[in-house]
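The file run-v3.txt comes next; it holds compact mmCIF, C-alpha atoms.
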# COMPACT_ATOMS: atom_id res chain seq x y z
CA MET D 1 0.00 0.00 0.00
CA ALA D 2 2.84 2.39 0.83
CA MET D 3 4.23 2.01 -2.68
CA GLU D 4 0.92 3.32 -4.04
CA SER D 5 0.69 6.31 -1.71
CA PRO D 6 3.42 8.89 -1.06
CA ALA D 7 1.43 10.06 1.99
CA LEU D 8 1.43 6.60 3.59
CA PHE D 9 5.07 6.04 2.64
CA ASP D 10 6.05 9.32 4.31
CA VAL D 11 4.11 8.47 7.48
CA LEU D 12 5.93 5.14 7.77
CA LEU D 13 9.25 6.88 7.17
CA ALA D 14 8.39 9.44 9.86
CA LEU D 15 7.46 6.65 12.26
CA ALA D 16 10.71 4.80 11.63
CA SER D 17 12.94 7.88 11.93
CA GLY D 18 10.99 8.99 15.00
CA HIS D 19 11.77 5.73 16.75
CA LEU D 20 15.42 6.06 15.79
CA SER D 21 15.53 9.55 17.29
CA LEU D 22 14.41 8.16 20.66
CA THR D 23 17.69 6.27 21.00
CA ASP D 24 19.97 8.38 18.80
CA GLU D 25 19.60 12.17 18.99
CA SER D 26 21.50 12.60 15.73
CA HIS D 27 18.26 11.58 13.98
CA THR D 28 16.12 14.20 15.73
CA VAL D 29 16.23 16.86 13.02
CA SER D 30 15.62 14.43 10.15
CA ALA D 31 12.79 12.84 12.14
CA LEU D 32 11.08 16.22 12.55
CA GLU D 33 11.58 16.96 8.86
CA ASN D 34 10.08 13.59 7.91
CA ARG D 35 7.10 14.23 10.20
CA SER D 36 6.48 17.65 8.62
CA THR D 37 6.68 16.17 5.13
CA ALA D 38 4.28 13.38 6.09
CA ILE D 39 1.72 15.80 7.54
CA ARG D 40 1.92 18.04 4.49
CA ASN D 41 1.53 15.18 2.01
CA LEU D 42 -1.29 13.57 3.98
CA ALA D 43 -3.18 16.87 4.10
CA LYS D 44 -2.72 17.19 0.35
CA ALA D 45 -3.89 13.63 -0.28
CA ILE D 46 -7.00 14.05 1.87
CA SER D 47 -7.93 17.36 0.25
CA THR D 48 -7.62 15.93 -3.26
CA PRO D 49 -11.03 14.60 -4.41
CA SER D 50 -11.02 10.97 -5.51
CA HIS D 51 -13.56 8.21 -6.13
CA GLU D 52 -10.90 5.48 -5.96
CA LEU D 53 -11.32 3.16 -2.99
CA THR D 54 -7.58 2.57 -2.81
CA ARG D 55 -6.99 6.29 -2.24
CA HIS D 56 -9.34 6.31 0.74
CA GLU D 57 -7.74 3.14 2.07
CA THR D 58 -4.22 4.53 1.97
CA ASN D 59 -5.32 7.85 3.47
CA ALA D 60 -7.04 6.03 6.35
CA ALA D 61 -3.95 3.85 6.81
CA ALA D 62 -1.78 6.98 6.93
CA CYS D 63 -3.99 8.46 9.66
CA LEU D 64 -3.66 5.23 11.64
CA GLY D 65 0.08 5.44 11.14
CA PHE D 66 0.02 8.86 12.76
CA VAL D 67 -2.03 7.42 15.64
CA ILE D 68 0.86 5.04 16.34
CA TYR D 69 3.43 7.79 15.78
CA GLU D 70 1.88 10.25 18.23
CA ALA D 71 1.23 7.58 20.87
CA GLY D 72 4.78 6.25 20.77
CA VAL D 73 7.00 9.01 19.47
CA GLY D 74 5.24 12.37 19.31
CA ASP D 75 2.68 14.22 21.38
CA CYS D 76 0.66 11.51 23.16
CA ARG D 77 -2.25 13.95 23.54
CA THR D 78 -2.91 14.25 19.80
CA TRP D 79 -3.22 10.61 18.74
CA TYR D 80 -7.00 10.78 19.09
CA THR D 81 -7.18 13.60 16.55
CA HIS D 82 -5.65 11.32 13.91
CA LEU D 83 -7.98 8.49 14.94
CA LYS D 84 -10.94 10.80 14.32
CA GLY D 85 -9.42 11.62 10.95
CA ALA D 86 -9.33 7.93 10.04
CA HIS D 87 -12.93 7.64 11.23
CA GLN D 88 -14.07 10.48 8.98
CA ILE D 89 -12.37 8.92 5.96
CA ILE D 90 -13.97 5.54 6.64
CA VAL D 91 -17.52 6.81 7.12
CA SER D 92 -17.36 9.14 4.10
CA THR D 93 -16.15 6.46 1.67
CA SER D 94 -18.44 4.76 -0.83
CA ALA D 95 -17.84 2.04 -3.41
CA HIS D 96 -19.81 -0.09 -5.85
CA SER D 97 -19.68 -3.86 -5.53
CA SER D 98 -21.87 -6.40 -7.38
CA GLY D 99 -24.11 -3.60 -8.57
CA LYS D 100 -24.67 -2.23 -5.08
CA LEU D 101 -23.54 1.04 -3.53
CA LEU D 102 -21.71 0.39 -0.28
CA GLU D 103 -20.87 3.15 2.15
CA GLY D 104 -18.63 3.56 5.18
CA PRO D 105 -17.12 0.36 6.61
CA GLY D 106 -19.10 -1.65 4.06
CA ALA D 107 -17.03 -0.09 1.28
CA PHE D 108 -13.78 -0.97 3.05
CA LYS D 109 -14.89 -4.57 3.54
CA THR D 110 -14.81 -5.15 -0.23
CA SER D 111 -11.01 -5.46 -0.27
CA THR D 112 -8.41 -7.33 1.78
CA GLU D 113 -6.56 -4.07 2.47
CA GLY D 114 -9.75 -2.36 3.57
CA GLN D 115 -10.59 -5.18 5.97
CA TRP D 116 -7.13 -4.91 7.52
CA ILE D 117 -7.63 -1.16 7.97
CA LEU D 118 -10.99 -1.76 9.68
CA ARG D 119 -9.45 -4.25 12.11
CA ASN D 120 -6.56 -1.89 12.81
CA PHE D 121 -8.96 1.00 13.33
CA ALA D 122 -11.14 -1.13 15.62
CA TYR D 123 -8.15 -1.99 17.79
CA HIS D 124 -7.19 1.66 18.35
CA ASP D 125 -10.80 2.83 18.59
CA VAL D 126 -11.85 0.24 21.17
CA ILE D 127 -8.69 0.49 23.28
CA GLY D 128 -8.91 4.29 23.06
CA SER D 129 -12.56 4.29 24.15
CA ILE D 130 -11.67 2.23 27.21
CA THR D 131 -8.76 4.52 28.05
CA LEU D 132 -10.78 7.71 27.60
CA ARG D 133 -14.04 6.33 29.10
CA ARG D 134 -16.11 7.34 26.06
CA ARG D 135 -18.05 5.63 23.30
CA PRO D 136 -15.99 4.21 20.42
CA LEU D 137 -16.18 6.26 17.25
CA LEU D 138 -17.77 3.28 15.49
CA ASN D 139 -19.86 0.48 16.94
CA GLY D 140 -18.25 -2.93 16.53
CA ASP D 141 -20.87 -4.37 14.16
CA TYR D 142 -18.72 -3.65 11.10
CA LEU D 143 -16.27 -6.34 12.24
CA ASP D 144 -18.77 -9.09 11.41
CA GLY D 145 -17.32 -11.36 8.76
CA ILE D 146 -13.72 -10.08 8.91
CA THR D 147 -12.48 -11.45 12.23
CA ASP D 148 -11.54 -15.01 11.32
CA VAL D 149 -7.91 -14.13 10.57
CA VAL D 150 -4.57 -13.76 12.29
CA ASP D 151 -4.43 -10.01 12.80
CA SER D 152 -1.26 -7.95 13.19
CA CYS D 153 -2.60 -6.22 16.33
CA VAL D 154 -4.58 -8.81 18.28
CA GLY D 155 -3.71 -12.15 16.70
CA VAL D 156 -6.76 -14.42 16.63
CA ALA D 157 -8.73 -12.39 19.19
CA VAL D 158 -10.24 -9.86 16.77
CA GLY D 159 -13.74 -11.09 17.59
CA LEU D 160 -13.33 -9.85 21.15
CA LEU D 161 -13.04 -6.26 19.93
CA SER D 162 -16.73 -6.06 19.02
CA ILE D 163 -17.68 -7.31 22.51
CA LEU D 164 -15.33 -4.79 24.13
CA ALA D 165 -16.87 -2.06 21.98
CA ARG D 166 -20.33 -2.95 23.32
CA ILE D 167 -18.98 -2.87 26.89
CA SER D 168 -17.45 0.54 26.24
CA CYS D 169 -20.76 1.82 24.84
CA LEU D 170 -22.59 0.56 27.91
CA ASP D 171 -20.09 2.26 30.20
CA ALA D 172 -20.44 5.57 28.33
CA ASP D 173 -24.24 5.39 28.39
CA THR D 174 -24.27 4.55 32.09
CA SER D 175 -21.96 7.45 32.87
CA PHE D 176 -24.17 9.82 30.87
CA HIS D 177 -27.39 8.72 32.56
CA SER D 178 -25.83 8.94 36.02
CA GLN D 179 -25.30 12.67 35.42
CA THR D 180 -28.78 13.28 33.97
CA PRO D 181 -31.81 13.92 36.23
CA ILE D 182 -34.47 11.22 35.64
CA ASP D 183 -37.65 10.10 37.41
CA ASP D 184 -38.04 6.80 39.28
CA HIS D 185 -39.77 5.06 36.37
CA GLU D 186 -36.99 5.93 33.94
CA HIS D 187 -34.38 4.93 36.51
CA GLU D 188 -35.99 1.51 36.90
CA HIS D 189 -36.12 1.06 33.12
CA LEU D 190 -32.44 2.01 32.72
CA GLN D 191 -31.40 -0.27 35.55
CA HIS D 192 -33.25 -3.20 33.95
CA HIS D 193 -31.60 -2.43 30.60
CA PHE D 194 -28.18 -2.24 32.26
CA LEU D 195 -28.54 -5.59 34.02
CA THR D 196 -29.91 -7.28 30.91
CA THR D 197 -27.10 -5.93 28.75
CA CYS D 198 -24.48 -6.97 31.31
CA ALA D 199 -25.86 -10.52 31.30
CA THR D 200 -25.80 -10.61 27.51
CA LEU D 201 -22.23 -9.35 27.37
CA GLU D 202 -21.12 -11.80 30.03
CA GLN D 203 -22.58 -14.68 28.03
CA ALA D 204 -20.92 -13.38 24.86
CA LEU D 205 -17.53 -13.35 26.59
CA LEU D 206 -18.00 -16.80 28.10
CA SER D 207 -19.12 -18.34 24.81
CA TRP D 208 -16.50 -16.66 22.62
CA THR D 209 -14.02 -19.03 20.97
CA CYS D 210 -11.24 -18.39 18.52
CA ASN D 211 -10.73 -20.38 15.33
CA PRO D 212 -10.17 -24.05 16.29
CA ASN D 213 -7.41 -24.22 13.69
CA ALA D 214 -5.49 -21.33 15.27
CA GLU D 215 -1.86 -21.91 16.19
CA PRO D 216 -1.77 -23.02 19.88
CA GLY D 217 0.45 -20.14 20.96
CA LEU D 218 -1.86 -17.53 19.44
CA ALA D 219 -4.91 -19.27 20.86
CA SER D 220 -3.36 -19.24 24.31
CA LEU D 221 -2.71 -15.49 24.07
CA ALA D 222 -6.28 -14.89 22.93
CA TYR D 223 -7.73 -16.63 25.98
CA THR D 224 -5.29 -15.07 28.45
Could you rewrite the structure in this file as structure tokens?
Amino acid sequence: MAMESPALFDVLLALASGHLSLTDESHTVSALENRSTAIRNLAKAISTPSHELTRHETNAAACLGFVIYEAGVGDCRTWYTHLKGAHQIIVSTSAHSSGKLLEGPGAFKTSTEGQWILRNFAYHDVIGSITLRRRPLLNGDYLDGITDVVDSCVGVAVGLLSILARISCLDADTSFHSQTPIDDHEHEHLQHHFLTTCATLEQALLSWTCNPNAEPGLASLAYT
């Protein structure tokens, strides 16, 4: 993908040189230059109209690259801004497949690269939502049908991300309602919904299994 997109290539170069600068200060200046170039080229790529799915895929991948960069090398407070950028690219994308118009995550699911981007986005989105105590930018439903793989972020445990996303949504909703004045009837209704949802999520976690053909080491990590 990086060979098709100067923006993505530059983000990966910035990430690599940024890591080098952490252990060797002689790379600091070049790392900053590479970061500036990457930001400039990504902004240009995003602002250039295109109906090509591959362009949206590489732009989203570049944003996710910056999420990793800022979390590990740059300003750890700005990673979420890049995650929201990837989110906007995903939800604004459309593509035709088998005579149908697909939009948002559905468009990305039509290609192997797009599915990888969705899984990568889900990992950062779900983990970020837990860290920040807020709803994920996307509900986890879009992961249906693309989890039965060995993923670069979570191995064979991709299916757990959708369950964690639902838990994060429940936590955010509960926090919101706890700060909102409600009458006794509404409180009873919300409490019943909370307990029912908790039971459903508990059962989903207990019944979750990874692919039976998964390598034993990866399976062990998934269940740990």
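Among the candidate residues D:Asn213, D:Ser92, D:Ser50, D:Thr81, the one lying nearest to Asp125 in chain D is D:Thr81, with distances computed using all atoms listed in the file.
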Calculate, to one decimal in Å, the centre and edge lengths of the box along x, y and z of the file that holds all listed atoms of range 143-152 of chain D with 6 Å of margin on each side, and present them as AutoDock Vina command-line options.
--center_x -10.0 --center_y -10.7 --center_z 11.0 --size_x 29.5 --size_y 20.7 --size_z 16.4
Excluding Ala95 in chain D and residues on its chain fewer than 4 positions from it, collect all residues at most 6 Å away from it, counting all atoms listed in the file, and give them as a JSON list (two decimals) with C-alpha atoms, keeping the file's coordinate frame.
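Saved file result.json follows:
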[["chain", "number", "residue", "atom", "x", "y", "z"],
["D", 101, "LEU", "CA", -23.54, 1.04, -3.53],
["D", 102, "LEU", "CA", -21.71, 0.39, -0.28],
["D", 107, "ALA", "CA", -17.03, -0.09, 1.28]]
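Proximity of D:Ser21, D:Thr54, D:Thr174, D:Ser26 to His193 in chain D, computed with all atoms listed in the file, is greatest for D:Thr174.
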Record the distance separating CA of Thr23 in chain D and CA of Leu64 in chain D, expressed in Å with one decimal. 23.3 Å
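As for CA of Asp184 in chain D and CA of Ala165 in chain D, they are spaced 28.7 Å apart.
Omitting range 140-144 of chain D and its sequence neighbours fewer than 2 positions away, and counting all atoms listed in the file, the residues within 7 Å are Pro105, Leu138, Ile146, Thr147, Ser162 and Ala165 of chain D.
Between CA of Leu137 in chain D and CA of Cys169 in chain D there is a distance of 9.9 Å.
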Find the residues around range 215-219 of chain D up to 9 Å (only C-alpha atoms counted), leave out those fewer than 5 positions away in its own chain, and share them as JSON, numbers by chain. {"D": [150, 155, 156, 157, 210, 224]}
Give me, as a tab-separated table (two decimals) with C-alpha atoms, keeping the file's coordinate frame, all polymer residues having an atom no more than 12 Å from Asn59 in chain D, counting all atoms listed in the file and skipping those fewer than 4 positions away in the same chain.
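File produced: selection_12.tsv:
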chain	number	residue	atom	x	y	z
D	1	MET	CA	0.00	0.00	0.00
D	2	ALA	CA	2.84	2.39	0.83
D	4	GLU	CA	0.92	3.32	-4.04
D	5	SER	CA	0.69	6.31	-1.71
D	6	PRO	CA	3.42	8.89	-1.06
D	7	ALA	CA	1.43	10.06	1.99
D	8	LEU	CA	1.43	6.60	3.59
D	9	PHE	CA	5.07	6.04	2.64
D	10	ASP	CA	6.05	9.32	4.31
D	11	VAL	CA	4.11	8.47	7.48
D	38	ALA	CA	4.28	13.38	6.09
D	39	ILE	CA	1.72	15.80	7.54
D	41	ASN	CA	1.53	15.18	2.01
D	42	LEU	CA	-1.29	13.57	3.98
D	43	ALA	CA	-3.18	16.87	4.10
D	44	LYS	CA	-2.72	17.19	0.35
D	45	ALA	CA	-3.89	13.63	-0.28
D	46	ILE	CA	-7.00	14.05	1.87
D	47	SER	CA	-7.93	17.36	0.25
D	48	THR	CA	-7.62	15.93	-3.26
D	49	PRO	CA	-11.03	14.60	-4.41
D	50	SER	CA	-11.02	10.97	-5.51
D	52	GLU	CA	-10.90	5.48	-5.96
D	53	LEU	CA	-11.32	3.16	-2.99
D	54	THR	CA	-7.58	2.57	-2.81
D	55	ARG	CA	-6.99	6.29	-2.24
D	63	CYS	CA	-3.99	8.46	9.66
D	64	LEU	CA	-3.66	5.23	11.64
D	65	GLY	CA	0.08	5.44	11.14
D	66	PHE	CA	0.02	8.86	12.76
D	82	HIS	CA	-5.65	11.32	13.91
D	83	LEU	CA	-7.98	8.49	14.94
D	85	GLY	CA	-9.42	11.62	10.95
D	86	ALA	CA	-9.33	7.93	10.04
D	87	HIS	CA	-12.93	7.64	11.23
D	88	GLN	CA	-14.07	10.48	8.98
D	89	ILE	CA	-12.37	8.92	5.96
D	90	ILE	CA	-13.97	5.54	6.64
D	93	THR	CA	-16.15	6.46	1.67
D	114	GLY	CA	-9.75	-2.36	3.57
D	117	ILE	CA	-7.63	-1.16	7.97
Could you tell me, as a count of residues only, which residues have any atom at most 12 Å from (-4.6, -7.3, 19.3), counting all atoms listed in the file? 27
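Using all atoms listed in the file, the contacts of Ala16 in chain D at a cut-off of 10 Å, with sequence neighbours closer than 3 positions omitted, comprise Asp10, Val11, Leu12, Leu13, His19, Leu20, Ser21, Ala31, Asn34, Tyr69 and Val73 of chain D.
With distances restricted to only C-alpha atoms, D:Arg166 is the closest residue to Thr200 in chain D from D:Val29, D:Cys76, D:Ser97, D:Arg166.
Using all atoms listed in the file, the smallest distance between any of D:Asp75, D:Glu113, D:Asp148, D:Asp171 and Arg135 in chain D comes from D:Asp171.
If you measure from each of D:His177, D:Thr196, D:Ala14, D:Ser111 to Leu32 in chain D using all atoms listed in the file, the closest one turns out to be D:Ala14.
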